Amino acid sequence: MGSIKTPGPDILRGTLDLLILQALSWGPAHGYAVARWIEQATSDALAVGEGTLYPALHRLEERKWISATWGASENNRQAKFYSLTKVGRSRLEVEADNWRRYAAAVFAALKAPALR
Amino acid sequence: MARGRFRRLFGPDPPSDVDAELRFHLEMRIRELVAEGETPERARELALQRFGDYDEPRSECLAINERRRRRMTRTEYVSELRQDIGYALRTLRRTPGFTAVAVITLALGIGANSAIFSVVQGVLLESLPYRSADRLYQPRMLYPDGTLYTALSAPDFMSVRDGNRVFDRVEAYSTGVFTLLGAGEPQEVRGANVTEGLFELLGIPLAIGRGFDAGEHRPGLGSVSVLDYGFWQRAFGGRSDVLGRKVSVGGDPYTIVGVLAHDARLPDTADMYAPLEYGETFSATTATSRRSEYLDVIGRAREGVTEAQVMDDLRRLGTQLQTDFPDTNGRLTFAATSLRDLIVGDVRSPLLMLLGAVGLVLLVACANVANLLLARGSARHGELAVRVAMGAGRGRLLRQLLTESVVLALVGGIAGLLIAYWATGALVAARPADIPRLDQVGLNSTVVLFTLGISLLTGLAFGLLPALQATSGRLIGALREGGRGGGQGRGAHRVRSVLVVAEMALSVILLMGAGLLIRSFVQMTRVAPGFVAEQAMTFRVTLQGDEYTNAQKIQNRVLQFEERLRVLPGVTAVAATTVLPLSGQGSILDFLVVGAPPPPPDINREIAVASITPQYFAAIGASLRSGRVFTEHDRTGAPRVVVVNEAAVRRWFPDGDPVGEQVETGGNRFEVVGVVADVRQRHAGEPVAPQMFVPYAQRTTRAVKFVVRSGSDPIGLAPAVRSEIRQLDPNLAVTDFKALDQLVAGSVARPRFYTALLALFAGVALALAATGIFGVMSYAVAQRSREISIRMALGARAGQVLQMIVGRAVGLATVGTAIGIAGAVALGRLIRTQLYGVGVLDPLTLGVVIVVLIGSAAAASFLPARRAAGLDPANALRDS
């Protein structure tokens, strides 16, 4: 991960929210871990201006989809850990489902034969 | 960083939180890059690059956090408030005795305030029902002796109308009582002659018909009339075909052309209105009739003109008339009274005095409840200590305690509204002697808002001190002391003593006020009215109809009535008059002593005139000072004679007995044949004005009042009187049967009303203050029971203990009384205008107040003192 990639396409805000929720679905994580997970899971295709991750996190926290506590990080530093709330978890299911249907539709469309 | 977290205990610190979070991200990234082999500098550069803009996300995060924090504080505050209110209600329910006493105390205080405020609001604060009411003034004549005449003469009115620079409209009216014929039974009506623009100036609309044309004011036309709405309903049944109807008013024919709108009225009420005749004296340039004042004038100041400017301009005009008409206006000038002052002027200061008084009552109530709270505070010490131990801060406890007192005050306020509702109804129903605009009074939204407002303030006022006291000092210590709970110490006790002293002082102020008013009232009723009110009665007859076509026939019938009534059992004297005592002055004429050097034309020469039959003075019990009363020989055609009162003698015959002198009045010459003692004309508190009496046979009127003096129960004669009169003429209306002493009662009704209210308030305050001292002394005895027991064990006698406790109460009361007297003196000028015949420092009142107050303090402390004296020394010693 030494090189810098050209930033990928801007992530739509809704997509970023979905990815954050997904990232937290395996357990509490701090912002940097979320960023790292997105980076790896998407092969860095969505390389962010990483700063934009934080307003998204705070907004989700405001909506009570995720909650935050301060705790010690793996290297024993104080970090803000986010975790999914109940609302957040059910939100994730709905959003993921939506996304799957949306992607399937777009994918199907791309494979569809030409207009006749 | 770590320290940053701990700071959260004192509230969140969003900027440092956000920075920490973002910086953590960057540091992690740098660490990783370094681990992958980058140099630290390069790693930092790359990390920043990857992160992108730093400030934008940071400020966005801060904005989100701030929004969140605000919402949370709000919900937190609301939920805490709800908690506090719930807690307060539970606490109040747990101590029903305390709650009941506090609520009743507060309800009395707040209710009295609401009731008096509703009167003040309706009478004083609501605007007058006139267009541009705040700009309306009544120009008046200011005589050199300082008397302010309500009326202007026609030429002076025209001078004001034409010569002023401050009014955009000046209108006038004059009122009188006339006999109305042609509308059912003959009746007396109040009539007003008005200038053409008066209704428009006041913004009084017509219900039906039309007003007056400018042309209808020419003299000799006098033929159209507009009715007052209420009179239209009463006399004409509200029928609209009244328009065009012809009636006779005061002997002149009138055609009814309109009816004023419902509730519309002049500052002086009238039943019928007619155009004022503009005779030749309606001229700003004439010198004649300038001293014949009969017009009430109303001027509307231009927009933006102040009262001072109005006064200045009228003075300027007065000065100019002094030069232009030195003979008539040489020493006179004009002044102005705002219409509002004119209408509510003489009730303003008593009403404000009453408002001040109820304010003081509320303060006493506050002090009392504060005292109760302080006493309870000691009992709650343990509970509060537990809350502190559980982490409640002082601010939080204060807020909870204040919430409790505000809840208490609001409950008291709601109960107070009920009291006010009832009290206002009672006040208005009492119709205290024509306090103007009382029909406007009621519990409206303003009054309710006022009540809630003062309830809130009250809650804070009485709650603050006890709350501060309860949350101060060593609450935790109290917890450690365990159930003893009495750790309130001398501080709280001193506060309670101060409160009691304040209550006493406030009560003294109220008692002084009430005492002075009572003294004034007694003085006023004790003032010799100039007649004997007991054992006499009066009634009214208006001799109208076919039988009474001329003065002779009327006189004969009056004579017959007198003869018939005179032989009724027990009757000692019967007479007729046109004007009863204490019922106003009646007709006013100018008075001149023949042969005396002509008086300067600009001095007040007015005298009130009454026609009487020979036995009048005997009937009312007025005493003749010199000369003779009238006889049956003083009849029509006989030489004109007059009896004057002592006030007239003082003004026009300062050198001595006027009997035998010739006087001139109303264009006739009279010989003075007697002098009679002064009889009060308007009300008891007013100096008597010059009055002259002429024989009824020489000045006959249709409307007469009879006075019948009898052995006892004068009013019991009424049926017999009525039947005698019926026998002579069954068509006559015999009305207004009244004992003569009812006239006296009526003339002091207003002062009686104010006095009764103030006395009531003072009584409430005294009762509260006595309760307060009772509470404090009971508490002191409870606190000091050990000490007292030890004293008694050491040989103190019960009497000494009693003396000690009562002495302490009396000491507090003495301090309170001293402060209160100082306060009463300071506030004395507020009440001075209400006083009659007593000074603000009336020694009798002062003495009674001191005795009453210190006496009540001693009495209130007697019970606790006796309890102290009855303590068994052994008990207290065993307790320890």
# chains A, B, ... in the order shown; residues from 1 in each chain; ligands from 1
$ interface_residues --of "chain A" --to "chain B" --cutoff "6 Å" --atoms "only C-alpha atoms" --output "PDB file with C-alpha atoms, in the first residue's frame"
ATOM      1  CA  TYR A  32      -9.197   4.713  10.764  1.00  0.00           C
ATOM      2  CA  GLY A  49     -10.484  12.034   0.434  1.00  0.00           C
ATOM      3  CA  GLU A  50     -10.437  10.169   3.738  1.00  0.00           C
ATOM      4  CA  GLY A  51     -11.449  13.280   5.669  1.00  0.00           C
ATOM      5  CA  THR A  52     -15.001  13.043   4.268  1.00  0.00           C
ATOM      6  CA  PRO A  55     -18.637  13.993   8.788  1.00  0.00           C
TER       7      PRO A  55
END
$ residues_around --residues "Leu624 (chain B)" --least-positions-apart "4" --cutoff "9 Å" --atoms "only C-alpha atoms" --output "list in words"
Phe617, Arg628, Val629, Gly674, Val675, Val676 and Ala677 of chain B
$ write_last_selection --atoms "N, CA and C atoms" --output "CSV table (one decimal), in the first residue's frame"
chain,number,residue,atom,x,y,z
B,617,PHE,N,-86.8,73.4,57.5
B,617,PHE,CA,-85.7,73.3,58.5
B,617,PHE,C,-86.0,72.5,59.7
B,628,ARG,N,-85.6,84.6,60.8
B,628,ARG,CA,-86.8,83.7,60.9
B,628,ARG,C,-86.8,82.7,59.8
B,629,VAL,N,-87.6,81.7,59.9
B,629,VAL,CA,-87.9,80.8,58.8
B,629,VAL,C,-89.0,81.4,58.0
B,674,GLY,N,-83.3,85.4,57.2
B,674,GLY,CA,-82.8,84.5,58.2
B,674,GLY,C,-81.5,83.9,57.7
B,675,VAL,N,-80.8,83.3,58.7
B,675,VAL,CA,-79.5,82.6,58.5
B,675,VAL,C,-79.7,81.2,59.1
B,676,VAL,N,-79.3,80.2,58.3
B,676,VAL,CA,-79.5,78.8,58.8
B,676,VAL,C,-78.1,78.2,58.8
B,677,ALA,N,-77.9,77.2,59.7
B,677,ALA,CA,-76.6,76.5,59.8
B,677,ALA,C,-76.3,75.8,58.5
$ residues_around --residues "region 195-200 of chain B" --least-positions-apart "6" --cutoff "7 Å" --atoms "only C-alpha atoms" --output "PyMOL selection string"
chain B and resi 171-173+212-214+275-276
$ residues_around --residues "Ala35 (chain A)" --least-positions-apart "2" --cutoff "10 Å" --atoms "only C-alpha atoms" --output "number ranges by chain"
A: 19-20, 23, 29-33, 37-41, 44, 47-48, 50-51, 53-54; B: 25
$ write_last_selection --atoms "C-alpha atoms" --output "mmCIF file, in the first residue's frame"
data_model
loop_
_atom_site.group_PDB
_atom_site.id
_atom_site.type_symbol
_atom_site.label_atom_id
_atom_site.label_comp_id
_atom_site.auth_asym_id
_atom_site.auth_seq_id
_atom_site.Cartn_x
_atom_site.Cartn_y
_atom_site.Cartn_z
ATOM 1 C CA LEU A 19 -20.118 0.986 3.481
ATOM 2 C CA ILE A 20 -19.638 2.465 6.962
ATOM 3 C CA ALA A 23 -17.733 -1.959 8.098
ATOM 4 C CA ALA A 29 -14.147 0.121 15.134
ATOM 5 C CA HIS A 30 -12.525 3.511 15.065
ATOM 6 C CA GLY A 31 -12.594 5.769 12.067
ATOM 7 C CA TYR A 32 -9.197 4.713 10.764
ATOM 8 C CA ALA A 33 -10.176 1.039 10.852
ATOM 9 C CA TRP A 37 -11.684 -1.740 5.694
ATOM 10 C CA ILE A 38 -13.298 0.252 2.897
ATOM 11 C CA GLU A 39 -9.898 0.583 1.246
ATOM 12 C CA GLN A 40 -9.291 -3.152 1.311
ATOM 13 C CA ALA A 41 -12.803 -4.348 0.654
ATOM 14 C CA ASP A 44 -9.120 0.942 -2.947
ATOM 15 C CA ALA A 47 -10.164 5.811 -2.509
ATOM 16 C CA VAL A 48 -11.559 8.685 -0.626
ATOM 17 C CA GLU A 50 -10.437 10.169 3.738
ATOM 18 C CA GLY A 51 -11.449 13.280 5.669
ATOM 19 C CA LEU A 53 -15.435 9.816 6.212
ATOM 20 C CA TYR A 54 -15.690 11.696 9.504
ATOM 21 C CA HIS B 25 -6.486 8.891 11.923
#
$ select_by_dssp --residues "region 208-383 of chain B" --states "strand (DSSP E)" --output "PyMOL selection string"
chain B and resi 208-209+224-227+246-249+252-260+272-275+293-301+333-338
$ atom_distance --atom1 "CA of Phe98 (chain B)" --atom2 "CA of Ala770 (chain B)"
16.8 Å
$ residues_around --residues "Phe81 (chain A)" --least-positions-apart "2" --cutoff "9 Å" --atoms "only C-alpha atoms" --output "list in words"
Pro28, Ala29, His30, Gly31, Ser67, Ala68, Thr69, Trp70, Gly71, Ala72, Ser73, Ala79 and Ser83 of chain A
$ atom_distance --atom1 "CA of Val825 (chain B)" --atom2 "CA of Gly513 (chain B)"
10.1 Å
$ residues_around --residues "region 392-405 of chain B" --least-positions-apart "5" --cutoff "8 Å" --atoms "only C-alpha atoms" --output "NGL selection string"
:B and (81 or 84-85 or 88-89 or 384 or 387 or 459-460 or 462-464 or 467-468 or 471)
$ select_by_dssp --residues "chain A" --states "alpha helix (DSSP H)" --output "ChimeraX atom specification"
/A:13-24,31-41,53-62,86-111
$ residues_around --residues "Arg91 (chain A)" --least-positions-apart "3" --cutoff "9 Å" --atoms "only C-alpha atoms" --output "list in words"
Leu18, Leu21, Trp65, Lys86, Val87, Gly88, Val94, Glu95 and Ala96 of chain A
$ closest_residue --among "B:Leu543, B:Ile509, B:Ala151, B:Val707" --to "Val579 (chain B)" --atoms "only C-alpha atoms"
B:Val707
